[in-house]
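Listing of data_10.txt, compact mmCIF, C-alpha atoms and all ligand atoms
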# COMPACT_ATOMS: atom_id res chain seq x y z
CA LEU W 44 3.92 156.08 163.09
CA PRO W 45 4.59 159.16 165.19
CA GLU W 46 6.63 162.02 163.75
CA GLU W 47 9.76 161.07 165.73
CA PHE W 48 9.85 157.68 163.98
CA ILE W 49 9.16 159.14 160.53
CA GLY W 50 12.27 161.33 160.81
CA ALA W 51 14.39 158.25 161.56
CA GLN W 52 12.86 156.00 158.89
CA PRO W 53 15.56 156.77 156.25
CA ILE W 54 18.18 155.44 158.68
CA LEU W 55 16.39 152.09 159.04
CA GLU W 56 15.94 151.93 155.27
CA THR W 57 19.61 152.66 154.56
CA LEU W 58 20.66 149.90 156.96
CA GLU W 59 18.19 147.42 155.46
CA HIS W 60 19.21 148.22 151.87
CA ALA W 61 22.77 147.45 152.87
CA GLY W 62 21.62 144.01 154.03
CA TYR W 63 21.38 144.60 157.78
CA GLU W 64 18.41 144.46 160.12
CA ALA W 65 17.28 147.59 161.93
CA TYR W 66 14.42 148.29 164.35
CA PHE W 67 13.05 150.88 166.68
CA VAL W 68 13.35 149.52 170.22
CA GLY W 69 12.88 150.42 173.88
CA GLY W 70 10.63 152.95 175.57
CA SER W 71 9.56 154.75 172.40
CA VAL W 72 7.98 151.58 171.00
CA ARG W 73 6.26 150.83 174.32
CA ASP W 74 4.94 154.37 174.70
CA THR W 75 3.75 154.61 171.09
CA ILE W 76 1.68 151.45 171.45
CA LEU W 77 0.25 152.88 174.67
CA GLY W 78 -0.66 156.06 172.80
CA LYS W 79 1.70 158.15 174.93
CA ALA W 80 4.02 160.92 173.77
CA ILE W 81 7.61 159.84 173.19
CA HIS W 82 10.84 161.72 173.81
CA ASP W 83 13.77 159.82 172.33
CA VAL W 84 13.89 157.18 169.64
CA ASP W 85 16.30 154.25 170.01
CA ILE W 86 17.40 152.20 167.02
CA ALA W 87 18.93 148.71 167.22
CA THR W 88 20.72 147.12 164.28
CA SER W 89 22.62 144.00 163.28
CA ALA W 90 25.32 146.19 161.72
CA TYR W 91 28.50 146.53 163.78
CA PRO W 92 29.53 150.07 164.74
CA GLU W 93 32.17 150.32 161.97
CA GLU W 94 29.60 149.09 159.44
CA VAL W 95 27.12 151.72 160.62
CA LYS W 96 29.75 154.44 160.30
CA ALA W 97 30.60 153.35 156.76
CA LEU W 98 26.97 153.83 155.66
CA PHE W 99 26.42 157.40 156.91
CA LYS W 100 28.21 160.67 156.27
CA ARG W 101 28.03 162.24 159.71
CA THR W 102 28.32 160.09 162.83
CA VAL W 103 29.59 160.60 166.36
CA ASP W 104 31.00 157.83 168.56
CA THR W 105 28.75 158.49 171.57
CA GLY W 106 29.30 155.07 173.14
CA ILE W 107 31.06 153.02 170.55
CA GLU W 108 32.48 150.44 173.02
CA HIS W 109 28.83 149.54 173.84
CA GLY W 110 27.89 149.67 170.19
CA THR W 111 26.23 153.08 170.16
CA VAL W 112 26.80 155.50 167.30
CA MET W 113 24.92 158.76 166.79
CA ILE W 114 23.85 159.40 163.20
CA LEU W 115 23.47 163.05 162.22
CA ASP W 116 22.69 162.70 158.50
CA HIS W 117 19.00 163.50 158.92
CA GLY W 118 19.01 166.64 161.01
CA THR W 119 18.35 165.45 164.54
CA GLY W 120 20.80 162.94 165.93
CA TYR W 121 19.61 159.35 166.21
CA GLU W 122 21.36 156.85 168.46
CA THR W 123 21.88 153.49 166.83
CA THR W 124 23.10 150.54 168.90
CA THR W 125 24.39 147.24 167.57
CA PHE W 126 22.50 144.14 168.74
CA ARG W 127 24.40 142.90 171.77
CA THR W 128 24.41 140.48 174.65
CA GLU W 129 25.80 141.22 178.07
CA SER W 130 27.62 139.01 180.52
CA GLY W 131 29.46 139.24 183.81
CA TYR W 132 27.62 141.74 186.05
CA GLN W 133 30.22 141.36 188.84
CA ASP W 134 29.09 144.62 190.38
CA TYR W 135 25.32 143.93 190.15
CA ARG W 136 25.07 146.75 187.68
CA ARG W 137 27.37 147.09 184.69
CA PRO W 138 28.02 144.03 182.58
CA ASP W 139 31.72 143.11 182.45
CA GLU W 140 31.48 142.46 178.77
CA VAL W 141 29.19 143.31 175.89
CA THR W 142 29.29 141.14 172.80
CA PHE W 143 27.93 142.29 169.47
CA VAL W 144 25.56 139.79 167.87
CA ARG W 145 23.70 139.51 164.57
CA HIS W 146 20.31 138.31 165.85
CA LEU W 147 17.56 140.55 167.16
CA GLU W 148 16.36 137.87 169.56
CA ASP W 149 19.63 137.90 171.51
CA ASP W 150 19.38 141.66 171.88
CA LEU W 151 15.76 141.61 173.05
CA LYS W 152 16.51 138.82 175.53
CA ARG W 153 18.88 141.02 177.56
CA ARG W 154 16.23 143.74 178.02
CA ASP W 155 14.59 144.16 181.41
CA PHE W 156 10.82 143.78 180.94
CA THR W 157 8.64 142.29 178.24
CA ILE W 158 7.02 145.68 177.57
CA ASN W 159 10.52 147.06 176.90
CA ALA W 160 11.52 144.18 174.66
CA LEU W 161 9.37 145.00 171.64
CA ALA W 162 10.89 145.94 168.29
CA LEU W 163 9.23 147.98 165.56
CA LYS W 164 10.10 147.69 161.87
CA HIS W 165 10.19 150.77 159.65
CA ASP W 166 6.92 149.67 158.02
CA GLY W 167 5.17 149.62 161.39
CA THR W 168 5.21 145.84 162.06
CA VAL W 169 5.87 144.88 165.68
CA VAL W 170 8.25 142.05 166.59
CA ASP W 171 7.02 140.59 169.86
CA LEU W 172 9.12 137.63 171.01
CA PHE W 173 8.23 137.72 174.72
CA ASP W 174 4.51 138.49 174.69
CA GLY W 175 5.15 142.10 175.52
CA LEU W 176 2.01 143.19 173.65
CA ALA W 177 -0.20 141.04 175.87
CA ASP W 178 1.51 142.46 178.98
CA LEU W 179 1.09 145.99 177.65
CA LYS W 180 -2.59 145.32 177.14
CA ALA W 181 -3.04 143.73 180.55
CA GLY W 182 -0.96 146.37 182.32
CA VAL W 183 1.72 144.01 183.59
CA ILE W 184 5.44 144.43 184.25
CA ARG W 185 7.13 141.08 183.79
CA ALA W 186 10.84 140.35 183.68
CA VAL W 187 12.20 138.88 180.46
CA GLY W 188 13.35 135.36 181.33
CA ASN W 189 13.97 134.23 184.90
CA PRO W 190 13.30 137.19 187.22
CA GLU W 191 15.63 135.89 189.97
CA ASP W 192 18.54 135.85 187.51
CA ARG W 193 17.67 139.19 185.97
CA PHE W 194 17.65 141.11 189.27
CA GLY W 195 20.78 139.28 190.40
CA GLU W 196 22.52 140.53 187.22
CA ASP W 197 21.43 144.13 187.61
CA ALA W 198 19.80 145.27 190.84
CA LEU W 199 18.76 148.63 189.38
CA ARG W 200 16.08 146.79 187.39
CA MET W 201 14.10 146.42 190.64
CA MET W 202 13.82 150.20 190.92
CA ARG W 203 12.97 150.38 187.23
CA ALA W 204 10.11 147.90 187.75
CA VAL W 205 8.64 150.06 190.50
CA ARG W 206 9.20 153.21 188.46
CA PHE W 207 7.35 151.80 185.43
CA ALA W 208 4.54 150.56 187.70
CA SER W 209 4.12 154.17 188.83
CA GLN W 210 4.51 155.84 185.42
CA LEU W 211 2.19 153.42 183.62
CA ASN W 212 -0.07 152.40 186.52
CA PHE W 213 0.84 148.77 185.85
CA ALA W 214 0.97 145.82 188.23
CA ILE W 215 4.16 143.85 188.73
CA GLU W 216 3.61 140.21 187.75
CA PRO W 217 3.72 137.91 190.85
CA ALA W 218 6.94 135.98 190.09
CA THR W 219 8.70 139.23 189.17
CA LEU W 220 7.42 140.84 192.37
CA ALA W 221 8.55 137.89 194.49
CA ALA W 222 12.03 138.08 192.94
CA ILE W 223 12.25 141.79 193.80
CA LYS W 224 11.38 141.00 197.42
CA ASP W 225 14.08 138.33 197.48
CA HIS W 226 16.75 140.56 195.98
CA ALA W 227 15.84 143.93 197.51
CA SER W 228 19.00 144.07 199.64
CA LEU W 229 21.14 144.05 196.46
CA LEU W 230 19.99 147.62 195.89
CA SER W 231 22.68 148.70 198.36
CA LYS W 232 25.25 147.72 195.69
CA ILE W 233 23.88 150.31 193.28
CA ALA W 234 25.23 153.87 192.97
CA VAL W 235 22.94 156.29 194.78
CA GLU W 236 22.74 158.55 191.71
CA ARG W 237 21.04 155.77 189.76
CA ILE W 238 18.58 154.98 192.55
CA HIS W 239 17.88 158.70 192.83
CA GLU W 240 16.98 158.97 189.16
CA GLU W 241 14.51 156.08 189.33
CA PHE W 242 13.03 157.21 192.66
CA VAL W 243 12.28 160.70 191.36
CA LYS W 244 10.74 159.31 188.16
CA MET W 245 8.68 156.94 190.32
CA MET W 246 7.44 159.77 192.56
CA MET W 247 6.53 161.87 189.51
CA GLY W 248 4.58 159.01 187.93
CA SER W 249 0.81 159.26 187.62
CA ALA W 250 0.40 156.26 189.95
CA ALA W 251 2.98 157.35 192.56
CA HIS W 252 0.78 155.93 195.32
CA ARG W 253 1.26 152.54 193.69
CA GLY W 254 5.01 153.05 193.28
CA MET W 255 5.42 154.11 196.89
CA GLY W 256 3.29 151.16 198.03
CA LEU W 257 5.62 148.85 196.09
CA MET W 258 8.73 150.47 197.60
CA ILE W 259 7.36 149.51 201.01
CA GLN W 260 5.94 146.11 200.06
CA THR W 261 9.16 144.94 198.39
CA THR W 262 11.32 146.52 201.17
CA LEU W 263 13.29 148.39 198.49
CA ALA W 264 12.72 151.55 200.58
CA ASP W 265 14.85 150.02 203.35
CA TYR W 266 17.87 150.11 201.03
CA CYS W 267 17.43 153.74 200.02
CA PRO W 268 19.25 156.54 201.88
CA GLY W 269 17.45 157.69 205.02
CA LEU W 270 14.22 155.75 204.47
CA VAL W 271 14.75 152.70 206.66
CA GLY W 272 12.48 152.78 209.70
CA HIS W 273 10.09 155.24 208.03
CA THR W 274 7.51 152.79 206.72
CA ILE W 275 4.65 154.60 208.44
CA ASP W 276 5.67 158.01 207.04
CA LEU W 277 6.03 156.52 203.57
CA SER W 278 2.65 154.78 203.85
CA THR W 279 1.12 158.13 204.68
CA ILE W 280 2.50 159.50 201.41
CA ALA W 281 1.23 156.41 199.55
CA THR W 282 -2.30 156.98 200.82
CA LEU W 283 -2.59 160.71 200.01
CA PRO W 284 -5.59 160.87 197.68
CA LYS W 285 -4.20 163.37 195.16
CA LEU W 286 -0.53 162.42 195.18
CA ARG W 287 0.86 163.95 191.98
CA MET W 288 4.31 165.53 191.95
CA ALA W 289 5.17 168.06 189.26
CA SER W 290 8.90 168.50 189.88
CA GLU W 291 11.89 167.04 191.67
CA VAL W 292 11.62 169.86 194.22
CA GLU W 293 8.06 168.77 195.03
CA VAL W 294 9.16 165.15 195.36
CA TRP W 295 11.80 165.90 197.97
CA ALA W 296 9.69 168.48 199.79
CA MET W 297 6.93 165.87 200.05
CA VAL W 298 9.29 163.20 201.40
CA ALA W 299 11.05 165.55 203.84
CA LEU W 300 7.72 166.93 205.07
CA HIS W 301 6.36 163.48 205.89
CA LEU W 302 9.63 162.33 207.43
CA GLY W 303 9.38 165.42 209.64
CA LEU W 304 12.74 166.72 208.44
CA SER W 305 13.67 170.37 208.43
CA TYR W 306 16.90 172.30 208.16
CA PRO W 307 19.66 171.06 208.65
CA ASP W 308 18.61 167.35 208.81
CA MET W 309 16.81 167.81 205.52
CA VAL W 310 20.09 168.89 203.89
CA GLU W 311 21.93 165.88 205.26
CA PHE W 312 19.14 163.59 204.00
CA LEU W 313 19.18 165.07 200.51
CA GLN W 314 22.97 165.01 200.35
CA ALA W 315 22.88 161.31 201.18
CA TRP W 316 20.68 160.98 198.08
CA LYS W 317 23.31 162.99 196.11
CA THR W 318 20.75 165.64 195.27
CA ALA W 319 22.02 168.69 193.37
CA ASN W 320 22.65 171.75 195.54
CA HIS W 321 20.25 174.03 193.65
CA ILE W 322 17.48 171.47 194.24
CA ILE W 323 18.30 171.27 197.96
CA LYS W 324 18.07 175.05 198.16
CA ASP W 325 14.64 175.11 196.54
CA VAL W 326 13.39 172.16 198.60
CA ASN W 327 14.35 174.11 201.71
CA LEU W 328 12.21 177.05 200.57
CA ALA W 329 9.27 174.93 199.45
CA LEU W 330 9.40 173.04 202.73
CA HIS W 331 9.44 176.32 204.63
CA LEU W 332 6.15 177.31 203.02
CA ALA W 333 4.64 173.85 203.47
CA TYR W 334 5.45 173.84 207.21
CA ALA W 335 4.21 177.41 207.57
CA GLN W 336 0.91 176.41 205.98
CA GLN W 337 0.69 173.43 208.26
CA TYR W 338 0.80 175.85 211.19
CA HIS W 339 -1.33 178.49 209.44
CA GLN W 340 1.30 181.17 209.63
CA VAL W 341 2.77 182.33 206.39
CA SER W 342 4.37 185.68 207.13
CA ASP W 343 5.47 188.19 204.52
CA GLN W 344 9.02 187.47 205.68
CA VAL W 345 8.59 183.80 204.72
CA LEU W 346 7.15 184.80 201.35
CA PHE W 347 10.04 187.18 200.75
CA GLU W 348 12.49 184.26 201.08
CA MET W 349 10.62 182.41 198.31
CA THR W 350 10.63 182.45 194.52
CA PRO W 351 7.48 182.01 192.38
CA ASP W 352 8.47 178.38 191.61
CA THR W 353 9.11 177.43 195.22
CA ILE W 354 5.78 179.00 196.22
CA THR W 355 4.05 176.77 193.68
CA ALA W 356 5.98 173.70 194.86
CA GLY W 357 5.54 174.34 198.60
CA SER W 358 1.90 175.20 198.25
CA HIS W 359 1.21 172.14 196.07
CA VAL W 360 2.91 169.81 198.54
CA ALA W 361 1.01 171.34 201.47
CA GLN W 362 -2.27 171.09 199.58
CA ILE W 363 -1.75 167.42 198.67
CA SER W 364 -0.80 166.72 202.28
CA GLY W 365 -4.04 168.30 203.45
CA TYR W 366 -2.53 171.33 205.16
CA GLY W 367 -4.55 174.46 204.60
CA PRO W 368 -5.11 177.15 203.68
CA SER W 369 -3.76 176.06 200.36
CA ASP W 370 -4.99 178.52 197.78
CA LEU W 371 -2.03 178.93 195.46
CA ASN W 372 -3.37 182.22 194.07
CA LEU W 373 -3.49 183.61 197.58
CA TRP W 374 0.24 183.11 198.06
CA GLN W 375 1.07 184.25 194.56
CA ASP W 376 -0.93 187.46 195.07
CA ALA W 377 0.64 188.05 198.47
CA TYR W 378 4.07 187.47 196.94
CA ALA W 379 3.34 189.84 194.05
CA LYS W 380 2.32 192.55 196.53
CA LEU W 381 5.60 192.45 198.45
CA PRO W 382 7.37 195.82 198.03
CA ILE W 383 10.66 194.01 197.22
CA HIS W 384 11.40 190.42 196.22
CA ASP W 385 15.16 190.28 196.60
CA LYS W 386 17.67 191.88 198.94
CA HIS W 387 19.36 193.51 195.95
CA GLU W 388 16.23 195.58 195.39
CA LEU W 389 16.76 197.44 198.66
CA ALA W 390 17.38 201.12 197.83
CA VAL W 391 20.42 201.37 200.10
CA THR W 392 23.64 199.36 200.17
CA GLY W 393 26.17 198.51 202.84
CA ALA W 394 28.42 201.21 201.41
CA ASP W 395 25.63 203.80 201.86
CA LEU W 396 25.30 202.82 205.51
CA MET W 397 29.04 203.18 206.12
CA HIS W 398 29.20 206.49 204.29
CA ASP W 399 26.01 208.19 205.47
CA LEU W 400 25.65 206.72 208.97
CA ASN W 401 29.31 206.31 209.81
CA LEU W 402 28.86 202.62 210.48
CA GLN W 403 32.10 200.64 210.79
CA PRO W 404 32.59 197.68 208.46
CA GLY W 405 31.51 194.50 210.22
CA PRO W 406 28.48 192.47 211.18
CA ALA W 407 26.45 195.58 212.06
CA ILE W 408 26.17 196.40 208.36
CA GLY W 409 24.53 193.15 207.34
CA ASP W 410 22.39 193.24 210.44
CA THR W 411 21.11 196.73 209.67
CA LEU W 412 20.41 195.79 206.05
CA ASP W 413 18.38 192.76 207.22
CA LYS W 414 16.38 194.95 209.59
CA LEU W 415 15.72 197.43 206.78
CA ILE W 416 14.51 194.63 204.54
CA ALA W 417 12.19 193.39 207.28
CA ALA W 418 10.85 196.92 207.79
CA VAL W 419 10.26 197.38 204.06
CA ILE W 420 8.41 194.05 203.84
CA LYS W 421 6.25 194.99 206.83
CA GLN W 422 5.62 198.34 205.09
CA GLN W 423 7.01 200.29 208.02
CA VAL W 424 9.13 202.27 205.61
CA THR W 425 9.07 202.77 201.84
CA ASN W 426 11.90 201.38 199.74
CA GLU W 427 13.36 204.77 198.94
CA HIS W 428 16.95 205.87 199.55
CA THR W 429 16.51 208.82 201.95
CA ALA W 430 13.51 207.26 203.68
CA LEU W 431 15.56 204.17 204.42
CA LEU W 432 18.55 206.13 205.72
CA ASP W 433 16.28 208.26 207.93
CA TYR W 434 14.54 205.15 209.21
CA ALA W 435 17.88 203.50 209.96
CA LYS W 436 19.11 206.64 211.76
CA ASP W 437 15.94 206.90 213.86
CA ASN W 438 15.27 203.26 214.64
CA LEU W 439 18.18 200.96 213.98
CA VAL W 440 21.54 202.63 214.45
CA LYS W 441 20.52 204.48 217.63
CA ASP W 442 19.19 201.23 219.09
CA SER W 443 22.40 199.38 218.38
CA THR W 444 24.56 202.05 220.05
CA LYS W 445 22.48 202.20 223.23
P1 LIG K 501 12.15 156.03 179.38
O1 LIG K 501 10.82 156.38 178.82
O2 LIG K 501 12.29 156.40 180.80
O3 LIG K 501 13.32 156.47 178.53
P2 LIG K 501 12.97 153.43 178.53
O4 LIG K 501 12.27 152.10 178.57
O5 LIG K 501 13.28 153.98 177.18
O6 LIG K 501 12.13 154.42 179.39
P3 LIG K 501 15.79 153.62 178.98
O7 LIG K 501 16.54 153.70 180.27
O8 LIG K 501 15.83 154.78 178.05
O9 LIG K 501 14.29 153.26 179.37
O10 LIG K 501 16.31 152.31 178.25
C1 LIG K 501 15.96 151.97 176.92
C2 LIG K 501 15.75 150.47 176.82
O11 LIG K 501 16.94 149.76 177.18
C3 LIG K 501 14.67 149.90 177.74
O12 LIG K 501 13.38 150.01 177.17
C4 LIG K 501 15.13 148.48 177.90
O13 LIG K 501 14.77 147.70 176.79
C5 LIG K 501 16.63 148.60 177.92
N1 LIG K 501 17.17 148.77 179.28
C6 LIG K 501 17.44 149.93 179.92
N2 LIG K 501 17.95 149.73 181.13
C7 LIG K 501 18.02 148.40 181.28
C8 LIG K 501 18.49 147.53 182.32
N3 LIG K 501 18.96 148.03 183.45
N4 LIG K 501 18.41 146.19 182.11
C9 LIG K 501 17.95 145.69 180.94
N5 LIG K 501 17.50 146.43 179.94
C10 LIG K 501 17.53 147.77 180.09
MG MG K 502 14.39 155.82 176.81
Any chance you could put this one into structure tokens?
Amino acid sequence: LPEEFIGAQPILETLEHAGYEAYFVGGSVRDTILGKAIHDVDIATSAYPEEVKALFKRTVDTGIEHGTVMILDHGTGYETTTFRTESGYQDYRRPDEVTFVRHLEDDLKRRDFTINALALKHDGTVVDLFDGLADLKAGVIRAVGNPEDRFGEDALRMMRAVRFASQLNFAIEPATLAAIKDHASLLSKIAVERIHEEFVKMMMGSAAHRGMGLMIQTTLADYCPGLVGHTIDLSTIATLPKLRMASEVEVWAMVALHLGLSYPDMVEFLQAWKTANHIIKDVNLALHLAYAQQYHQVSDQVLFEMTPDTITAGSHVAQISGYGPSDLNLWQDAYAKLPIHDKHELAVTGADLMHDLNLQPGPAIGDTLDKLIAAVIKQQVTNEHTALLDYAKDNLVKDSTK
């Protein structure tokens, strides 16, 4: 058992000694069997939340109405969830009601795919009620139970299927795939934030070409913000030979680049996806570099606008898309050689300009500062206080008063 499980073993043992059942469940079991690294360990138990709380000294009610209690007795917190069934799903997403149950089988039955419905005992035995092990071995994503019903209950599962296909390089089993095609339009009922999360994970998967191909094939892409009518652009992404995205910024820069979006349409597109503002800002920069590389003109001014991370992202996206020159070191060296990397590094301020050059407060100040920055970057003047003021006096202020 991996280290993460070992740390949680005393919890399973305590529950079992008290007469309850307890198992590791979910992604950590799947990934361990696949020999992949795991991040979080989920525990499922027959004990009801109050019974769990009675057995441990330090617990937090992280989601007690759904049966989840965090146990802190053994250093790291471990989330323990009572076996439950779900019913209702009026909104195609959240169940209207969860019911706590005593049998593991009922809990595993509600899970999305057979590879996610495995349970692991503290001694390392696997409970496999839906042939998840065979599907793991064969590389297959198969809905637990009737796929038509399962996607009708929760439409997000369709995006999860595609996301796992990309992360694991698995095929979606034919009946499951057919059900996704049938229910694709239900995706429009799902909150964009949830689709966003799965889409980004899909794009960052090691088989993103497969994930993107499935988005098109199932028509799920048509129910995502701003992607309808872009099948050809998306197919182009799906056929890029070295498609491998290292960050969310790269994902969106890649999509925007192939959709031909730039500022401000790109912002509108990413806002429709409810993307965080700091990501939008970085995508804009990365995209700037990617487009510049496409047209073979990366100026020092463009580089100055960047940050080391957005240079990496933009350059990576351009390289994968086949736009050269794409030597990352080249841009990093050029960036490192810039005399300044931020407007705050300029050796004069707006106040200096007003005081020493008698400039009036107003747009002329910002304008002059921008011109000084451009001159410093082009190495027409050194970034030194008096040199800058002299340069401004000789070249900028006189010009603007002509
Ligand atoms: P990851 O590695 O991304 O965490 P995961 O399989 O652990 O993958 P989670 O979203 O953490 O995914 O969910 C944990 C488990 O809960 C899943 O393995 C699955 O058994 C179940 N599950 C999660 N979301 C759903 C859903 N929408 N429908 C049914 N079961 C789900
Ligand atoms: Mg998980």
Quick one: contact table of chain W to ligand MG 502 (chain K), 7 Å max, nearest atom pair and distance in Å to one decimal per residue, counting all atoms listed in the file, chain and number order, as a tab-separated table?
residue	atom	partner	partner_atom	distance
W:Gly69	CA	K:MG502	MG	6.3
W:Gly70	CA	K:MG502	MG	4.9
W:Ser71	CA	K:MG502	MG	6.6
W:Asp83	CA	K:MG502	MG	6.0
Practice problem: Kindly provide, as number ranges by chain, all nucleotide and amino acid residues lying within 8 Å of ligand LIG 501 (chain K), counting only C-alpha atoms and all ligand atoms. | Solution: W: 68-71, 73-74, 81-83, 85, 136, 151, 153-156, 158-161, 197-200, 203
Take every atom of stretch 397-408 of chain W listed in the file, fit an axis-aligned box around them, add 4 Å per side, and give the centre and edge lengths in Å to one decimal as lines of an AutoDock Vina configuration file.
center_x = 29.1
center_y = 200.3
center_z = 208.2
size_x = 14.9
size_y = 23.7
size_z = 15.8
Quiz item: When you draw a straight line from atom CA of W:Phe312 to atom CA of W:Ser290, how long is it in Å?
Solution: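 Between atom CA of W:Phe312 and atom CA of W:Ser290 the gap is 18.1 Å.
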Quiz item: What gap, in Å, lies between atom CA of W:Ser209 and atom CA of W:Val183?
Solution: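 That distance, rounded to one decimal, is 11.7 Å.
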